[in-house]
Amino acid sequence: MATLLSFSRFLNYAASNCLRRVAPAVICKQYYPALRLWETPVRTPIAEYRTAKPPWMRPIPNYQTEIQEWNEEREKICTDVTNEINNQIATDSTGRMFAVVQVCGKQFKITEHDIIIIEGFWPPNIGDQLKLEKVLLIGSKDFTLIGRPILNRELVSVDATVIEKTLSHTKTRFRFQARKQYRRINFYRIQHTMLRINSININGNINEKKEVEGLDRVY
Amino acid sequence: MSNKYLFLNSGFPRAPFGLGIGRYVCQLQRITLKFCKNRGGSRGIRGFIEHDLVNYARENPGVVVYVKPRRHRQPVIVAEYLNGDNQWMEVANYSREDVVKWMELLRTQFHNGPSLRWRKLWHTEFPSIQGPWTPFTFRNPMLNLVQLPNKEFGAAVKLGPTATEQLVELFKAQQLADKAVNDSCQNVEETSVHVQRT
């Protein structure tokens, strides 16, 4: 009998422990995607890669914890904002959109029919249609989607055409040290690739997690 | 030191005829190869004409290629573009591979590259979509209703106690101390001392 009791107590303990662990993750699964910029962001503690743990460090839980406030009012605001954005996307009334893309290590703020020049060696040739996939931000008159750090490449598509590949003017690199009989002069030209942005689009609704991702391209 | 770049034309990125918005069109209109049949300096360009030129012309049907032999002159390539720009370049003592590369470069550009310096690497017709930032962006709109002049908003930004305020503080502390001393001693010359200090 005593063993049975102790066993049930153990079960109880385990169950309560599990529940305590599971509960916050389940309850706080909802998050606020459309928060205003100047409000404090929701902090998600991320387990760090650290092998040696000093005794004074708190143990890192093996499950992801999401510490978020639960607020009906904010929840409603977020849902409304998301719905409004989705509505605008669906009815194609977003107006002109802009995006921040990273190409060849540099970031450009672009909108439709813009021209950007990329410096340095870059393989695409003239007439090539490109899809710029590193989109850090996309915005329109009424809303802004910010990637963390980049937006889902299925969600947004930024298309561009290569219209020119040329060399820059001749640049001079002159090095000189006074009173040291040292002077070097080099001339160089760097590659320039001119891009025309054709379109910036949002495909599908925001704040929707698809069942399967990454089917848009095959390696 | 070469200061040639000081007299270089400069400009902002533009594309002729809305290039790239619809179909892409190769902007090279015609290209002229001038060379000598005898001289060694024209060897590379002669090799290009012999081996690669037919393929080049076949692959680029929109480009008119002229070949112009001339006696005892340096070899030259002249490219003319649809926007009226043209580039002249001398190719004396270039190898065949070099000529292939330069011909490719002349085909892929639409202006005389070395004669123009870009001042920016970005061009847009729509500089701002959400509106440019102003001091009132992201501020409380209640500020619009405030009657000016307003004491609260018109006051200078206060960072710390000024020297005057510190002096006043010191003076008050001293006064308190004096008062305590005077109270304990009940000095007769209280008033005169106080008057002198103030």
# chains A, B, ... in the order shown; residues from 1 in each chain; ligands from 1
>>> residues_around(residues="region 74-78 of chain B", least_positions_apart="6", cutoff="12 Å", atoms="only C-alpha atoms", output="ChimeraX atom specification")
/B:28-46,48-49,64-68,85-95,99-100,102-103,105-107,112
>>> interface_residues(of="chain B", to="chain A", cutoff="10 Å", atoms="only C-alpha atoms", output="VMD selection string")
chain B and resid 1 to 5 8 to 10 13 to 15 18 to 27 104 to 118 120 to 131 138
>>> closest_atom_pairs(of="region 104-196 of chain A", to="region 206-210 of chain A", cutoff="10 Å", atoms="only C-alpha atoms", output="Markdown table")
| residue | atom | partner | partner_atom | distance |
| --- | --- | --- | --- | --- |
| A:Leu145 | CA | A:Ile206 | CA | 8.9 |
| A:Asn152 | CA | A:Ile206 | CA | 9.9 |
| A:Leu155 | CA | A:Ile206 | CA | 7.5 |
| A:Val156 | CA | A:Ile206 | CA | 9.8 |
>>> write_last_selection(atoms="N, CA, C and O atoms", output="JSON list (two decimals), in the first residue's frame")
[["chain", "number", "residue", "atom", "x", "y", "z"],
["A", 145, "LEU", "N", 6.55, 45.71, -42.95],
["A", 145, "LEU", "CA", 6.90, 44.37, -42.47],
["A", 145, "LEU", "C", 8.40, 44.34, -42.29],
["A", 145, "LEU", "O", 9.15, 44.64, -43.21],
["A", 152, "ASN", "N", 10.44, 36.13, -45.07],
["A", 152, "ASN", "CA", 10.27, 34.84, -45.72],
["A", 152, "ASN", "C", 10.33, 35.04, -47.24],
["A", 152, "ASN", "O", 9.62, 35.86, -47.79],
["A", 155, "LEU", "N", 7.13, 34.75, -49.04],
["A", 155, "LEU", "CA", 6.12, 35.79, -48.76],
["A", 155, "LEU", "C", 6.31, 36.99, -49.67],
["A", 155, "LEU", "O", 5.34, 37.54, -50.19],
["A", 156, "VAL", "N", 7.55, 37.40, -49.86],
["A", 156, "VAL", "CA", 7.78, 38.60, -50.67],
["A", 156, "VAL", "C", 8.62, 38.21, -51.88],
["A", 156, "VAL", "O", 9.43, 37.30, -51.83]]
>>> select_by_dssp(residues="chain B", states="strand (DSSP E or B)", output="mmCIF file with N, CA and C atoms, in the first residue's frame")
data_model
loop_
_atom_site.group_PDB
_atom_site.id
_atom_site.type_symbol
_atom_site.label_atom_id
_atom_site.label_comp_id
_atom_site.auth_asym_id
_atom_site.auth_seq_id
_atom_site.Cartn_x
_atom_site.Cartn_y
_atom_site.Cartn_z
ATOM 1 N N ASN B 9 33.481 63.987 -66.523
ATOM 2 C CA ASN B 9 32.055 64.262 -66.378
ATOM 3 C C ASN B 9 31.490 63.356 -65.298
ATOM 4 N N SER B 10 30.512 63.875 -64.586
ATOM 5 C CA SER B 10 29.888 63.046 -63.567
ATOM 6 C C SER B 10 28.388 63.066 -63.781
ATOM 7 N N GLY B 11 27.734 62.069 -63.290
ATOM 8 C CA GLY B 11 26.294 61.996 -63.478
ATOM 9 C C GLY B 11 25.643 61.060 -62.493
ATOM 10 N N LEU B 28 23.860 48.129 -77.725
ATOM 11 C CA LEU B 28 24.952 48.352 -78.685
ATOM 12 C C LEU B 28 24.360 48.375 -80.089
ATOM 13 N N GLN B 29 24.620 49.493 -80.802
ATOM 14 C CA GLN B 29 24.006 49.654 -82.111
ATOM 15 C C GLN B 29 24.940 49.146 -83.210
ATOM 16 N N ARG B 30 26.136 49.702 -83.248
ATOM 17 C CA ARG B 30 27.098 49.204 -84.234
ATOM 18 C C ARG B 30 28.503 49.278 -83.660
ATOM 19 N N ILE B 31 29.337 48.411 -84.161
ATOM 20 C CA ILE B 31 30.695 48.326 -83.655
ATOM 21 C C ILE B 31 31.628 48.207 -84.856
ATOM 22 N N THR B 32 32.691 48.981 -84.849
ATOM 23 C CA THR B 32 33.621 49.030 -85.976
ATOM 24 C C THR B 32 34.985 48.563 -85.504
ATOM 25 N N LEU B 33 35.539 47.587 -86.207
ATOM 26 C CA LEU B 33 36.886 47.114 -85.899
ATOM 27 C C LEU B 33 37.814 47.637 -86.984
ATOM 28 N N LYS B 34 38.782 48.441 -86.607
ATOM 29 C CA LYS B 34 39.752 48.968 -87.563
ATOM 30 C C LYS B 34 41.097 48.338 -87.247
ATOM 31 N N PHE B 35 41.774 47.849 -88.279
ATOM 32 C CA PHE B 35 43.024 47.130 -88.032
ATOM 33 C C PHE B 35 43.917 47.197 -89.256
ATOM 34 N N VAL B 64 25.309 45.798 -85.582
ATOM 35 C CA VAL B 64 25.936 45.884 -86.892
ATOM 36 C C VAL B 64 27.446 45.893 -86.688
ATOM 37 N N VAL B 65 28.142 45.003 -87.338
ATOM 38 C CA VAL B 65 29.592 44.916 -87.168
ATOM 39 C C VAL B 65 30.260 45.355 -88.468
ATOM 40 N N TYR B 66 31.133 46.330 -88.380
ATOM 41 C CA TYR B 66 31.929 46.751 -89.515
ATOM 42 C C TYR B 66 33.367 46.337 -89.286
ATOM 43 N N VAL B 67 34.043 45.898 -90.339
ATOM 44 C CA VAL B 67 35.467 45.581 -90.266
ATOM 45 C C VAL B 67 36.172 46.431 -91.309
ATOM 46 N N LYS B 68 37.165 47.188 -90.861
ATOM 47 C CA LYS B 68 37.768 48.173 -91.754
ATOM 48 C C LYS B 68 39.289 48.024 -91.726
ATOM 49 N N PRO B 69 39.878 47.361 -92.717
ATOM 50 C CA PRO B 69 41.332 47.299 -92.766
ATOM 51 C C PRO B 69 41.909 48.620 -93.242
ATOM 52 N N VAL B 76 41.839 49.759 -83.703
ATOM 53 C CA VAL B 76 40.898 50.539 -82.910
ATOM 54 C C VAL B 76 39.544 49.850 -82.946
ATOM 55 N N ILE B 77 38.841 49.924 -81.814
ATOM 56 C CA ILE B 77 37.447 49.465 -81.781
ATOM 57 C C ILE B 77 36.577 50.665 -81.439
ATOM 58 N N VAL B 78 35.550 50.917 -82.218
ATOM 59 C CA VAL B 78 34.608 51.997 -81.930
ATOM 60 C C VAL B 78 33.231 51.382 -81.766
ATOM 61 N N ALA B 79 32.618 51.655 -80.617
ATOM 62 C CA ALA B 79 31.277 51.131 -80.352
ATOM 63 C C ALA B 79 30.304 52.296 -80.286
ATOM 64 N N GLU B 80 29.151 52.156 -80.931
ATOM 65 C CA GLU B 80 28.133 53.207 -80.900
ATOM 66 C C GLU B 80 26.868 52.633 -80.282
ATOM 67 N N TYR B 81 26.237 53.436 -79.419
ATOM 68 C CA TYR B 81 25.095 52.948 -78.650
ATOM 69 C C TYR B 81 23.817 53.630 -79.097
ATOM 70 N N ASN B 86 29.212 57.027 -77.877
ATOM 71 C CA ASN B 86 30.124 56.083 -78.518
ATOM 72 C C ASN B 86 31.426 56.007 -77.757
ATOM 73 N N GLN B 87 32.055 54.854 -77.848
ATOM 74 C CA GLN B 87 33.313 54.638 -77.141
ATOM 75 C C GLN B 87 34.372 54.219 -78.140
ATOM 76 N N TRP B 88 35.485 54.931 -78.081
ATOM 77 C CA TRP B 88 36.627 54.652 -78.956
ATOM 78 C C TRP B 88 37.703 54.034 -78.102
ATOM 79 N N MET B 89 38.231 52.912 -78.477
ATOM 80 C CA MET B 89 39.346 52.368 -77.701
ATOM 81 C C MET B 89 40.392 51.734 -78.613
ATOM 82 N N GLU B 90 41.629 51.956 -78.203
ATOM 83 C CA GLU B 90 42.758 51.473 -78.980
ATOM 84 C C GLU B 90 43.122 50.086 -78.465
ATOM 85 N N LEU B 116 32.555 58.699 -67.678
ATOM 86 C CA LEU B 116 31.500 59.170 -66.785
ATOM 87 C C LEU B 116 31.718 58.595 -65.398
ATOM 88 N N ARG B 117 31.596 59.480 -64.419
ATOM 89 C CA ARG B 117 31.728 59.044 -63.029
ATOM 90 C C ARG B 117 30.361 59.097 -62.387
ATOM 91 N N TRP B 118 29.922 57.990 -61.786
ATOM 92 C CA TRP B 118 28.626 57.992 -61.091
ATOM 93 C C TRP B 118 28.783 58.701 -59.764
ATOM 94 N N TRP B 122 22.467 54.768 -56.899
ATOM 95 C CA TRP B 122 21.046 54.491 -56.669
ATOM 96 C C TRP B 122 20.241 55.605 -57.287
ATOM 97 N N HIS B 123 19.177 55.263 -57.974
ATOM 98 C CA HIS B 123 18.290 56.295 -58.510
ATOM 99 C C HIS B 123 16.864 55.880 -58.272
#
>>> select_by_dssp(residues="region 55-206 of chain A", states="helix (DSSP H, G or I)", output="VMD selection string")
chain A and resid 72 to 91
